[in-house]
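Just upload.txt here, compact mmCIF, C-alpha atoms and all ligand atoms:
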# COMPACT_ATOMS: atom_id res chain seq x y z
CA VAL A 1 16.11 -33.52 -13.18
CA HIS A 2 17.38 -34.57 -16.61
CA TRP A 3 16.26 -33.27 -19.98
CA ASP A 4 16.86 -34.43 -23.50
CA LYS A 5 15.52 -33.20 -26.79
CA GLU A 6 13.37 -36.26 -27.45
CA GLY A 7 11.98 -37.05 -23.99
CA GLY A 8 11.80 -33.64 -22.25
CA TRP A 9 12.16 -33.38 -18.46
CA ARG A 10 12.29 -36.66 -16.52
CA ASP A 11 14.03 -38.70 -13.81
CA ALA A 12 13.72 -36.23 -10.91
CA ALA A 13 15.66 -37.56 -7.94
CA VAL A 14 17.05 -36.43 -4.60
CA THR A 15 20.49 -37.90 -4.04
CA PRO A 16 23.18 -37.48 -1.34
CA TYR A 17 25.44 -34.48 -1.92
CA GLY A 18 28.67 -35.36 -3.71
CA PRO A 19 30.71 -34.93 -6.89
CA ILE A 20 28.94 -35.22 -10.23
CA ALA A 21 30.58 -37.10 -13.08
CA LEU A 22 30.95 -35.09 -16.27
CA ASP A 23 32.36 -36.37 -19.52
CA PRO A 24 35.36 -34.21 -20.54
CA ALA A 25 33.49 -33.40 -23.75
CA ALA A 26 30.32 -32.22 -21.94
CA ALA A 27 29.03 -29.03 -23.59
CA VAL A 28 29.13 -26.92 -20.42
CA LEU A 29 32.89 -27.38 -20.06
CA HIS A 30 33.58 -25.91 -23.49
CA TYR A 31 30.83 -23.44 -24.35
CA GLY A 32 29.73 -22.28 -20.91
CA GLN A 33 26.12 -23.40 -21.15
CA GLU A 34 25.29 -22.83 -17.49
CA ILE A 35 22.60 -20.77 -15.75
CA PHE A 36 21.69 -20.46 -12.09
CA GLU A 37 19.54 -18.89 -9.41
CA GLY A 38 20.02 -17.84 -5.79
CA ILE A 39 17.13 -18.07 -3.35
CA LYS A 40 16.72 -18.61 0.39
CA ALA A 41 14.52 -20.63 2.74
CA TYR A 42 13.58 -18.83 5.96
CA ARG A 43 12.43 -20.40 9.23
CA HIS A 44 9.58 -18.55 10.90
CA ALA A 45 9.07 -18.29 14.67
CA ASP A 46 6.51 -21.16 14.63
CA GLY A 47 9.07 -23.46 12.96
CA SER A 48 7.51 -23.39 9.47
CA VAL A 49 9.77 -22.92 6.43
CA TRP A 50 9.09 -20.39 3.67
CA THR A 51 10.71 -18.98 0.60
CA PHE A 52 10.38 -15.61 -1.15
CA ARG A 53 8.85 -15.15 -4.63
CA PRO A 54 10.09 -18.47 -6.07
CA GLN A 55 7.92 -18.02 -9.17
CA ALA A 56 9.97 -14.94 -10.00
CA ASN A 57 13.20 -16.95 -9.74
CA ALA A 58 11.65 -19.74 -11.83
CA GLU A 59 10.63 -17.27 -14.53
CA ARG A 60 14.05 -15.64 -14.51
CA LEU A 61 15.64 -19.09 -14.88
CA GLN A 62 13.37 -19.62 -17.91
CA ARG A 63 14.49 -16.31 -19.44
CA SER A 64 18.13 -17.23 -18.77
CA ALA A 65 17.49 -20.63 -20.37
CA ARG A 66 16.08 -19.04 -23.53
CA ARG A 67 19.11 -16.76 -23.87
CA LEU A 68 21.58 -19.62 -23.30
CA ALA A 69 19.70 -21.99 -25.62
CA LEU A 70 18.91 -24.34 -22.72
CA PRO A 71 15.49 -25.94 -22.08
CA GLU A 72 12.95 -24.05 -19.94
CA LEU A 73 12.20 -25.73 -16.63
CA PRO A 74 8.47 -25.53 -15.76
CA VAL A 75 7.74 -23.15 -12.85
CA ASP A 76 6.03 -25.88 -10.81
CA VAL A 77 9.03 -28.21 -11.19
CA PHE A 78 11.27 -25.41 -9.91
CA VAL A 79 9.12 -24.78 -6.83
CA GLU A 80 8.74 -28.52 -6.20
CA SER A 81 12.53 -28.96 -6.36
CA LEU A 82 12.92 -26.51 -3.46
CA LYS A 83 10.25 -28.36 -1.45
CA GLN A 84 12.05 -31.66 -2.08
CA ILE A 85 15.27 -30.25 -0.64
CA ILE A 86 13.47 -29.12 2.51
CA ALA A 87 11.70 -32.49 2.76
CA VAL A 88 15.08 -34.26 3.10
CA ASP A 89 15.60 -32.64 6.47
CA LYS A 90 13.60 -29.66 7.65
CA ASP A 91 16.08 -29.09 10.50
CA TRP A 92 18.56 -28.05 7.85
CA VAL A 93 16.98 -24.61 7.76
CA PRO A 94 18.66 -22.70 10.59
CA SER A 95 16.72 -20.47 12.94
CA GLY A 96 18.07 -17.23 14.30
CA GLU A 97 18.39 -13.61 13.27
CA GLU A 98 18.87 -13.45 9.49
CA ALA A 99 19.94 -17.08 9.22
CA SER A 100 18.64 -19.00 6.20
CA LEU A 101 19.16 -22.01 3.99
CA TYR A 102 20.73 -20.69 0.80
CA LEU A 103 19.44 -22.60 -2.23
CA ARG A 104 21.36 -22.71 -5.49
CA PRO A 105 19.34 -24.07 -8.43
CA PHE A 106 21.40 -24.39 -11.62
CA MET A 107 21.30 -25.99 -15.04
CA ILE A 108 24.04 -27.20 -17.35
CA GLY A 109 24.15 -28.40 -20.92
CA ASP A 110 25.75 -31.82 -20.57
CA GLU A 111 25.49 -33.43 -23.97
CA VAL A 112 28.77 -35.07 -24.93
CA PHE A 113 29.99 -33.62 -28.21
CA LEU A 114 32.48 -31.10 -29.51
CA GLY A 115 30.63 -28.80 -31.83
CA VAL A 116 29.33 -25.29 -31.47
CA ARG A 117 25.59 -25.73 -31.12
CA SER A 118 23.14 -25.93 -28.21
CA ALA A 119 23.30 -29.16 -26.21
CA HIS A 120 20.51 -31.67 -26.73
CA LYS A 121 20.87 -32.82 -23.13
CA ALA A 122 20.75 -30.83 -19.92
CA THR A 123 20.49 -31.39 -16.18
CA TYR A 124 18.90 -29.18 -13.56
CA TYR A 125 20.29 -29.39 -10.01
CA VAL A 126 19.62 -27.76 -6.66
CA ILE A 127 22.21 -27.66 -3.89
CA ALA A 128 21.76 -25.99 -0.52
CA CYS A 129 23.82 -24.67 2.35
CA PRO A 130 22.87 -23.16 5.74
CA ALA A 131 23.95 -19.53 5.97
CA GLY A 132 24.32 -17.18 8.92
CA PRO A 133 23.63 -13.45 8.69
CA TYR A 134 25.46 -11.77 5.80
CA PHE A 135 26.70 -9.06 8.16
CA ALA A 136 28.06 -10.98 11.14
CA LYS A 137 28.85 -7.76 13.04
CA GLY A 138 25.70 -5.86 12.10
CA VAL A 139 24.84 -3.95 8.94
CA ALA A 140 27.59 -1.46 8.11
CA PRO A 141 28.12 0.78 5.05
CA VAL A 142 30.53 -0.57 2.43
CA ALA A 143 32.78 1.03 -0.19
CA ILE A 144 32.21 0.37 -3.90
CA TRP A 145 34.80 0.44 -6.69
CA LEU A 146 33.89 2.04 -10.02
CA SER A 147 35.34 -0.07 -12.82
CA THR A 148 36.17 1.95 -15.90
CA ASP A 149 38.43 -0.69 -17.46
CA PHE A 150 35.78 -3.34 -17.87
CA ALA A 151 32.08 -3.68 -18.64
CA ARG A 152 30.12 -6.61 -17.24
CA ALA A 153 27.89 -7.00 -20.28
CA ALA A 154 27.73 -6.12 -23.95
CA LYS A 155 24.88 -4.84 -26.08
CA GLY A 156 23.00 -7.89 -27.30
CA GLY A 157 24.99 -10.08 -24.92
CA THR A 158 23.94 -12.13 -21.91
CA GLY A 159 23.88 -9.35 -19.27
CA ALA A 160 20.20 -9.85 -18.41
CA ALA A 161 20.64 -13.61 -17.97
CA LYS A 162 21.94 -15.21 -14.80
CA CYS A 163 24.63 -17.31 -16.41
CA GLY A 164 28.00 -18.37 -15.06
CA GLY A 165 29.83 -16.70 -17.94
CA ASN A 166 28.74 -13.22 -16.80
CA TYR A 167 30.41 -13.84 -13.48
CA ALA A 168 33.55 -15.20 -15.13
CA ALA A 169 33.86 -11.80 -16.84
CA SER A 170 33.29 -9.92 -13.59
CA LEU A 171 35.83 -11.75 -11.41
CA LEU A 172 38.86 -9.70 -12.47
CA PRO A 173 37.15 -6.31 -11.88
CA GLN A 174 35.78 -7.71 -8.61
CA GLN A 175 39.34 -8.59 -7.60
CA GLN A 176 40.43 -5.05 -8.46
CA ALA A 177 37.64 -3.70 -6.26
CA GLN A 178 38.94 -5.76 -3.37
CA ASP A 179 42.52 -4.73 -4.04
CA ASN A 180 41.33 -1.14 -3.68
CA GLY A 181 39.66 -1.80 -0.33
CA CYS A 182 36.14 -2.07 -1.73
CA SER A 183 33.64 -4.84 -1.20
CA GLN A 184 32.09 -4.82 -4.69
CA VAL A 185 32.63 -3.47 -8.16
CA LEU A 186 30.23 -1.06 -9.89
CA PHE A 187 29.80 -1.49 -13.65
CA LEU A 188 28.78 1.19 -16.12
CA ASP A 189 26.79 0.68 -19.31
CA PRO A 190 28.61 -1.12 -22.13
CA ALA A 191 27.75 1.41 -24.87
CA GLU A 192 28.90 4.75 -23.45
CA GLY A 193 30.56 3.82 -20.16
CA LYS A 194 28.60 6.62 -18.52
CA TYR A 195 25.48 5.22 -16.86
CA LEU A 196 25.16 3.03 -13.77
CA GLU A 197 24.33 -0.60 -14.39
CA GLU A 198 24.81 -2.74 -11.29
CA LEU A 199 27.32 -4.14 -8.83
CA GLY A 200 29.05 -7.50 -9.22
CA GLY A 201 26.13 -9.23 -7.52
CA MET A 202 23.60 -6.55 -6.55
CA ASN A 203 21.37 -3.82 -7.97
CA VAL A 204 21.95 -0.20 -6.90
CA PHE A 205 19.65 2.59 -5.63
CA LEU A 206 20.03 6.32 -4.90
CA VAL A 207 17.84 8.04 -2.28
CA TYR A 208 16.94 11.70 -2.75
CA GLY A 209 15.86 12.28 0.86
CA LYS A 210 14.40 15.78 0.59
CA GLN A 211 12.28 14.75 -2.39
CA ASN A 212 11.27 11.42 -0.84
CA LYS A 213 12.50 9.84 -4.07
CA LEU A 214 14.15 6.53 -4.90
CA VAL A 215 16.03 6.15 -8.18
CA THR A 216 17.49 2.99 -9.74
CA PRO A 217 18.92 2.16 -13.18
CA GLU A 218 16.26 1.08 -15.67
CA LEU A 219 16.33 -2.50 -16.96
CA SER A 220 18.72 -1.74 -19.78
CA GLY A 221 18.74 -5.23 -21.25
CA SER A 222 22.21 -5.77 -19.86
CA ILE A 223 21.54 -5.75 -16.09
CA LEU A 224 20.05 -8.54 -14.03
CA GLU A 225 16.38 -8.12 -13.19
CA GLY A 226 16.87 -8.51 -9.44
CA ILE A 227 13.95 -9.89 -7.47
CA THR A 228 15.03 -7.88 -4.43
CA ARG A 229 15.18 -4.80 -6.71
CA ASP A 230 11.58 -5.34 -7.78
CA SER A 231 10.47 -5.92 -4.18
CA VAL A 232 12.26 -2.79 -2.92
CA LEU A 233 10.57 -0.71 -5.64
CA GLN A 234 7.19 -2.04 -4.47
CA LEU A 235 7.91 -1.34 -0.78
CA ALA A 236 9.08 2.18 -1.67
CA ARG A 237 5.85 2.85 -3.61
CA ASP A 238 3.87 1.46 -0.65
CA ARG A 239 5.45 4.02 1.64
CA GLY A 240 4.60 6.86 -0.74
CA MET A 241 8.04 7.43 -2.22
CA VAL A 242 8.46 8.71 -5.75
CA VAL A 243 10.10 5.86 -7.68
CA GLU A 244 12.12 6.34 -10.85
CA GLU A 245 13.69 3.68 -13.06
CA ARG A 246 15.85 5.52 -15.54
CA LYS A 247 19.35 6.12 -16.85
CA ILE A 248 21.62 7.45 -14.11
CA ALA A 249 24.97 8.96 -15.10
CA VAL A 250 27.73 8.19 -12.63
CA ASP A 251 28.29 11.97 -12.41
CA GLU A 252 24.77 12.31 -10.98
CA TRP A 253 25.87 10.11 -8.07
CA LYS A 254 29.11 12.05 -7.53
CA GLN A 255 27.44 15.48 -7.73
CA GLY A 256 24.34 14.45 -5.77
CA VAL A 257 26.40 13.21 -2.84
CA ALA A 258 28.57 16.34 -2.94
CA SER A 259 25.54 18.69 -3.01
CA GLY A 260 23.65 16.74 -0.36
CA ASP A 261 20.69 15.97 -2.66
CA ILE A 262 21.50 12.27 -2.58
CA THR A 263 21.17 11.40 1.08
CA GLU A 264 21.63 7.62 0.91
CA VAL A 265 22.89 4.98 -1.51
CA PHE A 266 22.30 1.27 -1.16
CA ALA A 267 22.55 -2.00 -3.04
CA CYS A 268 20.27 -5.02 -2.87
CA GLY A 269 20.24 -8.71 -3.64
CA THR A 270 19.11 -12.01 -2.18
CA ALA A 271 22.32 -12.69 -0.24
CA ALA A 272 22.79 -9.40 1.64
CA VAL A 273 19.16 -8.15 1.31
CA ILE A 274 20.02 -4.43 1.44
CA THR A 275 23.55 -3.10 1.95
CA PRO A 276 24.19 0.58 2.68
CA ILE A 277 26.87 2.07 0.43
CA GLY A 278 28.99 4.64 2.24
CA GLN A 279 31.56 5.45 -0.39
CA LEU A 280 32.18 5.31 -4.14
CA LYS A 281 35.82 5.09 -5.17
CA GLY A 282 37.54 4.91 -8.51
CA GLU A 283 40.79 5.76 -10.25
CA GLY A 284 41.79 9.08 -8.62
CA PHE A 285 38.53 9.97 -6.85
CA SER A 286 36.37 9.12 -3.88
CA VAL A 287 32.94 10.42 -2.78
CA GLY A 288 31.03 9.79 0.42
CA ASP A 289 32.00 9.08 3.98
CA LEU A 290 32.36 5.47 5.03
CA SER A 291 32.15 6.33 8.73
CA ALA A 292 28.67 7.89 8.43
CA PRO A 293 25.91 5.60 9.75
CA ALA A 294 23.51 3.85 7.37
CA GLY A 295 20.50 6.02 6.46
CA ASP A 296 16.92 5.69 7.68
CA VAL A 297 15.38 4.89 4.29
CA THR A 298 17.94 2.14 3.66
CA MET A 299 17.52 0.59 7.07
CA GLY A 300 13.74 1.07 7.05
CA LEU A 301 13.32 -0.73 3.73
CA ARG A 302 15.72 -3.42 4.91
CA LYS A 303 13.68 -4.03 8.04
CA GLU A 304 10.39 -4.10 6.13
CA LEU A 305 11.71 -6.66 3.68
CA THR A 306 13.33 -8.95 6.26
CA ASP A 307 10.25 -8.71 8.49
CA ILE A 308 8.14 -10.05 5.62
CA GLN A 309 10.67 -12.77 4.75
CA TYR A 310 10.93 -13.97 8.36
CA GLY A 311 7.18 -13.80 8.99
CA ARG A 312 7.39 -10.90 11.45
CA ALA A 313 5.17 -8.66 9.30
CA PRO A 314 2.09 -9.44 7.18
CA ASP A 315 2.88 -10.78 3.71
CA ARG A 316 0.66 -8.18 2.06
CA HIS A 317 1.88 -8.85 -1.48
CA GLY A 318 1.60 -12.65 -1.29
CA TRP A 319 5.34 -13.05 -1.75
CA LEU A 320 5.91 -16.04 0.53
CA VAL A 321 5.53 -19.69 -0.44
CA ARG A 322 5.58 -22.41 2.20
CA LEU A 323 8.15 -25.14 1.52
CA ASP A 324 7.53 -27.63 4.33
CA ALA A 325 3.84 -28.41 3.82
N1 LIG B 1 22.77 -8.29 -10.10
C1 LIG B 1 23.62 -9.34 -10.16
C2 LIG B 1 24.72 -9.32 -11.14
C3 LIG B 1 23.43 -10.45 -9.29
O1 LIG B 1 24.28 -11.48 -9.33
C4 LIG B 1 22.37 -10.43 -8.35
C5 LIG B 1 22.17 -11.58 -7.41
N2 LIG B 1 21.33 -12.57 -7.96
C6 LIG B 1 21.51 -9.30 -8.33
C7 LIG B 1 21.75 -8.26 -9.22
C8 LIG B 1 20.36 -9.24 -7.39
O2 LIG B 1 19.33 -10.14 -7.77
P1 LIG B 1 18.34 -10.77 -6.71
O3 LIG B 1 17.72 -9.64 -5.96
O4 LIG B 1 17.34 -11.51 -7.53
O5 LIG B 1 19.15 -11.65 -5.82

Have the structure of the file written as structure tokens, please.
Ligand code: PMP
Amino acid sequence: VHWDKEGGWRDAAVTPYGPIALDPAAAVLHYGQEIFEGIKAYRHADGSVWTFRPQANAERLQRSARRLALPELPVDVFVESLKQIIAVDKDWVPSGEEASLYLRPFMIGDEVFLGVRSAHKATYYVIACPAGPYFAKGVAPVAIWLSTDFARAAKGGTGAAKCGGNYAASLLPQQQAQDNGCSQVLFLDPAEGKYLEELGGMNVFLVYGKQNKLVTPELSGSILEGITRDSVLQLARDRGMVVEERKIAVDEWKQGVASGDITEVFACGTAAVITPIGQLKGEGFSVGDLSAPAGDVTMGLRKELTDIQYGRAPDRHGWLVRLDA
């Protein structure tokens, strides 16, 4: 769907997948005016195709657009764009345990000019790709690397937006995490370098088992407002857990694991749903035991969420939207 300053949104079209032509002076190539979303389509046992909380993704894309000085795509156009993709070929959505069609909506500023101002032209796209289960060999705890060299976001910056530039900044620390045998990087707050923010592509949670309590970093203005995060908080409240969104010093994690107060740690996001975290490593330290099995709260919440997404449990919060009808 194209947008320009005079005419607004128009010319929606579904076209065969292939390269897109961009003028070398297109705004996105110089000033990084790009935002995106990640969302999945799930096939239910009766063959129908559903997605999870697309309005929340649409609204987040609008917030990202405002921050990146891009035009806001109407929520109904966003949801319709997902339906149009499914309408091309419903068989595209794989069936099977934790298989899905991964959908990647994104928007670029593509006005042709070389000047530092917001583009007066933009295009919104959706591409899609069938995906198998994130954990091919079953869900297993992962190790996380604490980055103290780099922050993902700055005060007043774009941390709360889902824009490509945030990920550009996180690729080097993510590489360092991998070089240290970890699957993802953990970022601390940009101001003091003391409080947990999020992982490279997931939000993080601590479980205080004896207190039946779930704690996650508050929305600081520099972390992404994860839709899985919000859903997990709701499911935890539903099961009577005490839920806290607040500042969490990284020392609280280290000491809580050492004392046994923190019984489980996990991360969540659309791609992996919920991933148990077995170990936190950083320059000169390591806490946790990677060989310990994933905890009951982590796996229980994971099952509840995937059961709703795949239509195996009642959708009691009205989170699902049908895409093929
Ligand atoms: N934080 C970051 C930096 C992410 O890239 C993602 C993935 N979109 C998340 C958190 C989790 O968000 P969601 O649950 O909406 O996928």

Would you kindly return, as a PyMOL selection string, each protein, DNA or RNA residue with an atom no farther than 8 Å from any atom of Tyr124 of chain A, considering all atoms listed in the file and excluding same-chain residues fewer than 5 positions away?
chain A and resi 1-2+105-108

Keeping C-alpha atoms, export the residues of the selection given above as a short mmCIF file (atom, residue, chain, number, x, y, z; two decimals), keeping the file's coordinate frame.
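Result file is selection.cif:
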data_model
loop_
_atom_site.label_atom_id
_atom_site.label_comp_id
_atom_site.auth_asym_id
_atom_site.auth_seq_id
_atom_site.Cartn_x
_atom_site.Cartn_y
_atom_site.Cartn_z
CA VAL A 1 16.11 -33.52 -13.18
CA HIS A 2 17.38 -34.57 -16.61
CA PRO A 105 19.34 -24.07 -8.43
CA PHE A 106 21.40 -24.39 -11.62
CA MET A 107 21.30 -25.99 -15.04
CA ILE A 108 24.04 -27.20 -17.35
#

Could the residues that lie within 9 Å of ligand LIG 1 (chain B), counting all atoms listed in the file, be listed as a ChimeraX atom specification?
/A:36-39,56-57,60,152,159-160,162,166-167,170,197-204,223-231,267-273

Choose the residue, out of A:Pro74, A:Gly221, A:Pro276, A:Pro24, that has the smallest atom-to-atom separation from Ala294 of chain A; count all atoms listed in the file.
A:Pro276

Hey, which of A:Val142, A:Ile308, A:Ala25, A:Ala236 ends up closest to Pro293 of chain A? Count only C-alpha atoms.
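Checking each candidate against Pro293 of chain A, we get A:Val142 as the closest.
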
List the neighbours of Ile144 of chain A out to 8 Å using only C-alpha atoms; skip same-chain residues closer than 4 positions along the sequence, and give me the result as an MDAnalysis selection string.
chainID A and resid 177 182:186 277 279:281

Provide segment 306-320 of chain A rebuilt to N, CA and C atoms, formatted as a PDB file, in the frame of the given file.
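Final output, result-v4.pdb:
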ATOM      1  N   THR A 306      12.975  -7.771   5.448  1.00  0.00           N
ATOM      2  CA  THR A 306      13.330  -8.950   6.260  1.00  0.00           C
ATOM      3  C   THR A 306      12.175  -9.336   7.177  1.00  0.00           C
ATOM      4  N   ASP A 307      11.401  -8.370   7.644  1.00  0.00           N
ATOM      5  CA  ASP A 307      10.250  -8.710   8.490  1.00  0.00           C
ATOM      6  C   ASP A 307       9.239  -9.549   7.719  1.00  0.00           C
ATOM      7  N   ILE A 308       9.048  -9.236   6.436  1.00  0.00           N
ATOM      8  CA  ILE A 308       8.140 -10.050   5.620  1.00  0.00           C
ATOM      9  C   ILE A 308       8.745 -11.434   5.415  1.00  0.00           C
ATOM     10  N   GLN A 309      10.031 -11.477   5.053  1.00  0.00           N
ATOM     11  CA  GLN A 309      10.670 -12.770   4.750  1.00  0.00           C
ATOM     12  C   GLN A 309      10.669 -13.706   5.962  1.00  0.00           C
ATOM     13  N   TYR A 310      10.863 -13.138   7.152  1.00  0.00           N
ATOM     14  CA  TYR A 310      10.930 -13.970   8.360  1.00  0.00           C
ATOM     15  C   TYR A 310       9.586 -14.080   9.087  1.00  0.00           C
ATOM     16  N   GLY A 311       8.511 -13.626   8.429  1.00  0.00           N
ATOM     17  CA  GLY A 311       7.180 -13.800   8.990  1.00  0.00           C
ATOM     18  C   GLY A 311       6.883 -12.905  10.184  1.00  0.00           C
ATOM     19  N   ARG A 312       7.635 -11.805  10.315  1.00  0.00           N
ATOM     20  CA  ARG A 312       7.390 -10.900  11.450  1.00  0.00           C
ATOM     21  C   ARG A 312       6.425  -9.774  11.074  1.00  0.00           C
ATOM     22  N   ALA A 313       6.117  -9.672   9.782  1.00  0.00           N
ATOM     23  CA  ALA A 313       5.170  -8.660   9.300  1.00  0.00           C
ATOM     24  C   ALA A 313       4.253  -9.334   8.297  1.00  0.00           C
ATOM     25  N   PRO A 314       3.033  -8.815   8.121  1.00  0.00           N
ATOM     26  CA  PRO A 314       2.090  -9.440   7.180  1.00  0.00           C
ATOM     27  C   PRO A 314       2.680  -9.481   5.765  1.00  0.00           C
ATOM     28  N   ASP A 315       2.411 -10.591   5.084  1.00  0.00           N
ATOM     29  CA  ASP A 315       2.880 -10.780   3.710  1.00  0.00           C
ATOM     30  C   ASP A 315       1.850 -10.166   2.772  1.00  0.00           C
ATOM     31  N   ARG A 316       1.794  -8.839   2.728  1.00  0.00           N
ATOM     32  CA  ARG A 316       0.660  -8.180   2.060  1.00  0.00           C
ATOM     33  C   ARG A 316       0.696  -8.296   0.544  1.00  0.00           C
ATOM     34  N   HIS A 317       1.828  -8.685  -0.025  1.00  0.00           N
ATOM     35  CA  HIS A 317       1.880  -8.850  -1.480  1.00  0.00           C
ATOM     36  C   HIS A 317       1.833 -10.319  -1.898  1.00  0.00           C
ATOM     37  N   GLY A 318       1.652 -11.229  -0.942  1.00  0.00           N
ATOM     38  CA  GLY A 318       1.600 -12.650  -1.290  1.00  0.00           C
ATOM     39  C   GLY A 318       2.921 -13.147  -1.859  1.00  0.00           C
ATOM     40  N   TRP A 319       4.012 -12.725  -1.246  1.00  0.00           N
ATOM     41  CA  TRP A 319       5.340 -13.050  -1.750  1.00  0.00           C
ATOM     42  C   TRP A 319       5.882 -14.386  -1.231  1.00  0.00           C
ATOM     43  N   LEU A 320       5.327 -14.851  -0.089  1.00  0.00           N
ATOM     44  CA  LEU A 320       5.910 -16.040   0.530  1.00  0.00           C
ATOM     45  C   LEU A 320       5.231 -17.323   0.048  1.00  0.00           C
TER      46      LEU A 320
END
